[in-house]
Amino acid sequence: METSKAGTGSKRKRVVLTLKQKIEICQRLEKGEKRSQIMNEFNIGSSTIYDIKHQKEELLKFYTSSESSRSADKRRTLKKPKLEELDRVLYEWFALKRLQGVPMTGTILIEKAKEFYTKLQLTESCAFSEGWLTCFKLRHGIRHLDMSGKNTAADCEAAGSYCDHFAKIVAEHGLSPDQIYNADETGLFWRCLPESVLAGSGEASAAGFKKNKDRITVLVCANAAGTHQIKLFVVGKSKNPCAFKNLRHLPVRYSAQSNSWMDVQLFTHWFHYIFVPSVKQHFRKNGKPEDSKCILLLDNCRAHPPESKLVSGNIFVIYLPPKVTALIQPMDQGIIENLKCHYRKDFLRKLLSNNEKITEFQKAYSLKDAVYNLACAWKLVKPQTLRRAWHKLWPNVSLSSDEEFKDFRIRQKKSTVMEMALMMKNVRSDENPMCKLSEQELELWVDVDKDVSVVHVLSDDEIIKSVLNPTKERESERETDEELHEVRVSWAKAAEAFQVVLKFAETQNCYTVQDVIRLHLLHSTFLQKKQDYFKQADIQDLFKKVLIHKGSGDPHNENAEPGGDPCMVVTDLDDPSHVIDTDPSDNV
């Protein structure tokens, strides 16, 4: 826009930027471009620059959540709608339905808006006219799509053409399988039991189990060579789960979201602060330059931000085209399925070895147990499995033939079910109803949460609650301290348990010499840690004695015992926590 050529005292013509221009300005400022150059180019003042920087988070949030970038091309303000709560709830409902593949029309949106208007008990008038619908679509970048033609759930033609495109990208950048990664989210019902069991001929009925829907989202990521598995990223509902109390180390990276879903903020954080450092460390470990190129392959998910936001040096992201995920995305070609198979086997093994009732075991099985089992299951996924999963997208990286790959997923599931069936044969069926499960029931249980993170089936009331109260935990889902209360184990008890395990392993034929040696090495490490711990405790105990000795001259000192040594301090060595958990005033 041309500026006025009047005198120096004349005002500059008013310029109203589009949201796209504002986002461009934010990006250029991040790159270190001079403000004066941007001001001259867009004919704006310094105050406008500061306003745009202040709006940066809101602008990016709108841009990443829009169905189409064309809304940012035309829209100029982030003015909030008249009925903001209704607008947010309706858009969340729309987004979830589109994620499920449900076709939407303007009439459906208007009718649903009226329904939400009643449920929210709003009193402010609204016409719900065509004009209102147009404004709603413009606010959220909703565009019209033609549903006719050969539009199917999975686009085989697009998948085939993308494989050629992917091969060109790899050749152009000179990448090896070690430099190409894939990540994908999956949902896990972490303490779900089978819903039914088989009844014997003499039984009128068999006890079933109520389906537990406690869910977490797990982000799985590995490279095409199968040489690097990124630590699992788990998203739960509670920010500080009671089960994690007193834990010093977690085998996974954990974060929280109100509905335990992945979102743009969490994924961006994972990319920059978990994925990128882990890849660089892997490169250093293998003698490659830290700034080597790396590609992360992702599917088109609402939780994944634009490619421009997922760049760090030579590490960048490329997206798969729509409707090819089930066909060629590596994580969906057996890796996630294999992870869940190992998890279910470990869950069943713990359940069968537990002497409590099944319902009591399920209640006591905490989120801490789940994440440790997940981490163990992730370690059990073989490099060969990781390589095979790339066969459809990148045939050259897999060492298996087409015939071997074709039956791979079927064979691994059958193997899991067979192992579970063998486990149950060693337990008396009258002691545990789980032993009455058929192979078909076990197979259904392994797949009980298949694609649960892809299709979020929520009721209207749950959508309203999640949108209006995003940080408030539901009382029914909050873990109680009574359920997850853990007694603190002393060093003496731990040492005694270690000795029992060693004696047991040394007398059992199922343990090899190497297994026993590993246990002895672990025991040696434990004894060294115990020695270091008590050495520090003795130092603190000595300071405490000195303080008590200094205070023994006071006739009102409660610590001084009549007729006894004023320096004597009685401590329970079986529980050194009494030594270290002293009042801060006792420390020197």
# chains A, B, ... in the order shown; residues from 1 in each chain; ligands from 1
>>> residues_around(residues="A:Cys26", least_positions_apart="2", cutoff="8 Å", atoms="only C-alpha atoms", output="number ranges by chain")
A: 22-24, 28-30, 52-53, 56
>>> write_last_selection(atoms="C-alpha atoms", output="short mmCIF file (atom, residue, chain, number, x, y, z; two decimals), in the first residue's frame")
data_model
loop_
_atom_site.label_atom_id
_atom_site.label_comp_id
_atom_site.auth_asym_id
_atom_site.auth_seq_id
_atom_site.Cartn_x
_atom_site.Cartn_y
_atom_site.Cartn_z
CA LYS A 22 1.16 -11.53 10.81
CA ILE A 23 2.38 -15.12 11.05
CA GLU A 24 4.98 -14.37 8.36
CA ARG A 28 10.87 -13.44 10.13
CA LEU A 29 11.41 -11.89 13.57
CA GLU A 30 12.37 -15.33 14.93
CA ILE A 52 1.88 -8.93 16.63
CA LYS A 53 4.64 -10.40 18.83
CA LYS A 56 2.11 -14.80 18.49
#
>>> residues_around(residues="A:Pro305", least_positions_apart="5", cutoff="8 Å", atoms="only C-alpha atoms", output="compact mmCIF listing (two decimals) with N, CA and C atoms, in the first residue's frame")
# COMPACT_ATOMS: atom_id res chain seq x y z
N THR A 64 -2.60 -23.53 13.33
CA THR A 64 -2.42 -24.98 13.38
C THR A 64 -3.74 -25.73 13.54
N VAL A 264 -0.94 -30.46 19.90
CA VAL A 264 0.13 -29.76 19.18
C VAL A 264 1.27 -29.36 20.12
N PHE A 267 3.32 -32.43 21.27
CA PHE A 267 4.13 -33.01 20.19
C PHE A 267 5.30 -32.10 19.85
N THR A 268 5.07 -30.79 19.82
CA THR A 268 6.16 -29.84 19.55
C THR A 268 7.25 -29.96 20.61
N LEU A 310 8.50 -27.88 12.90
CA LEU A 310 9.26 -29.06 13.32
C LEU A 310 10.56 -29.13 12.54
>>> atom_distance(atom1="atom CA of A:Trp378", atom2="atom CA of A:Asn246")
24.1 Å
>>> select_by_dssp(residues="stretch 110-322 of chain A", states="helix (DSSP H, G or I)", output="ChimeraX atom specification")
/A:110-119,130-140,156-173,177-179,242-244,264-285,307-309
>>> closest_atom_pairs(of="stretch 158-179 of chain A", to="stretch 292-296 of chain A", cutoff="9 Å", atoms="only C-alpha atoms", output="JSON lines")
{"residue": "A:His173", "atom": "CA", "partner": "A:Lys293", "partner_atom": "CA", "distance": 7.8}
{"residue": "A:Gly174", "atom": "CA", "partner": "A:Lys293", "partner_atom": "CA", "distance": 8.9}
{"residue": "A:Leu175", "atom": "CA", "partner": "A:Lys293", "partner_atom": "CA", "distance": 7.4}
{"residue": "A:Asp178", "atom": "CA", "partner": "A:Cys294", "partner_atom": "CA", "distance": 8.6}
{"residue": "A:Gln179", "atom": "CA", "partner": "A:Cys294", "partner_atom": "CA", "distance": 4.8}
>>> write_last_selection(atoms="C-alpha atoms", output="PDB file, in the first residue's frame")
ATOM      1  CA  HIS A 173      19.585 -36.057   0.529  1.00  0.00           C
ATOM      2  CA  GLY A 174      21.829 -39.136   0.500  1.00  0.00           C
ATOM      3  CA  LEU A 175      20.203 -40.625   3.584  1.00  0.00           C
ATOM      4  CA  ASP A 178      19.937 -44.921  10.235  1.00  0.00           C
ATOM      5  CA  GLN A 179      18.885 -41.319   9.475  1.00  0.00           C
TER       6      GLN A 179
END
>>> atom_distance(atom1="atom CA of A:His342", atom2="atom CA of A:Arg302")
28.6 Å
>>> atom_distance(atom1="atom CA of A:Asn182", atom2="atom CA of A:Phe94")
28.4 Å
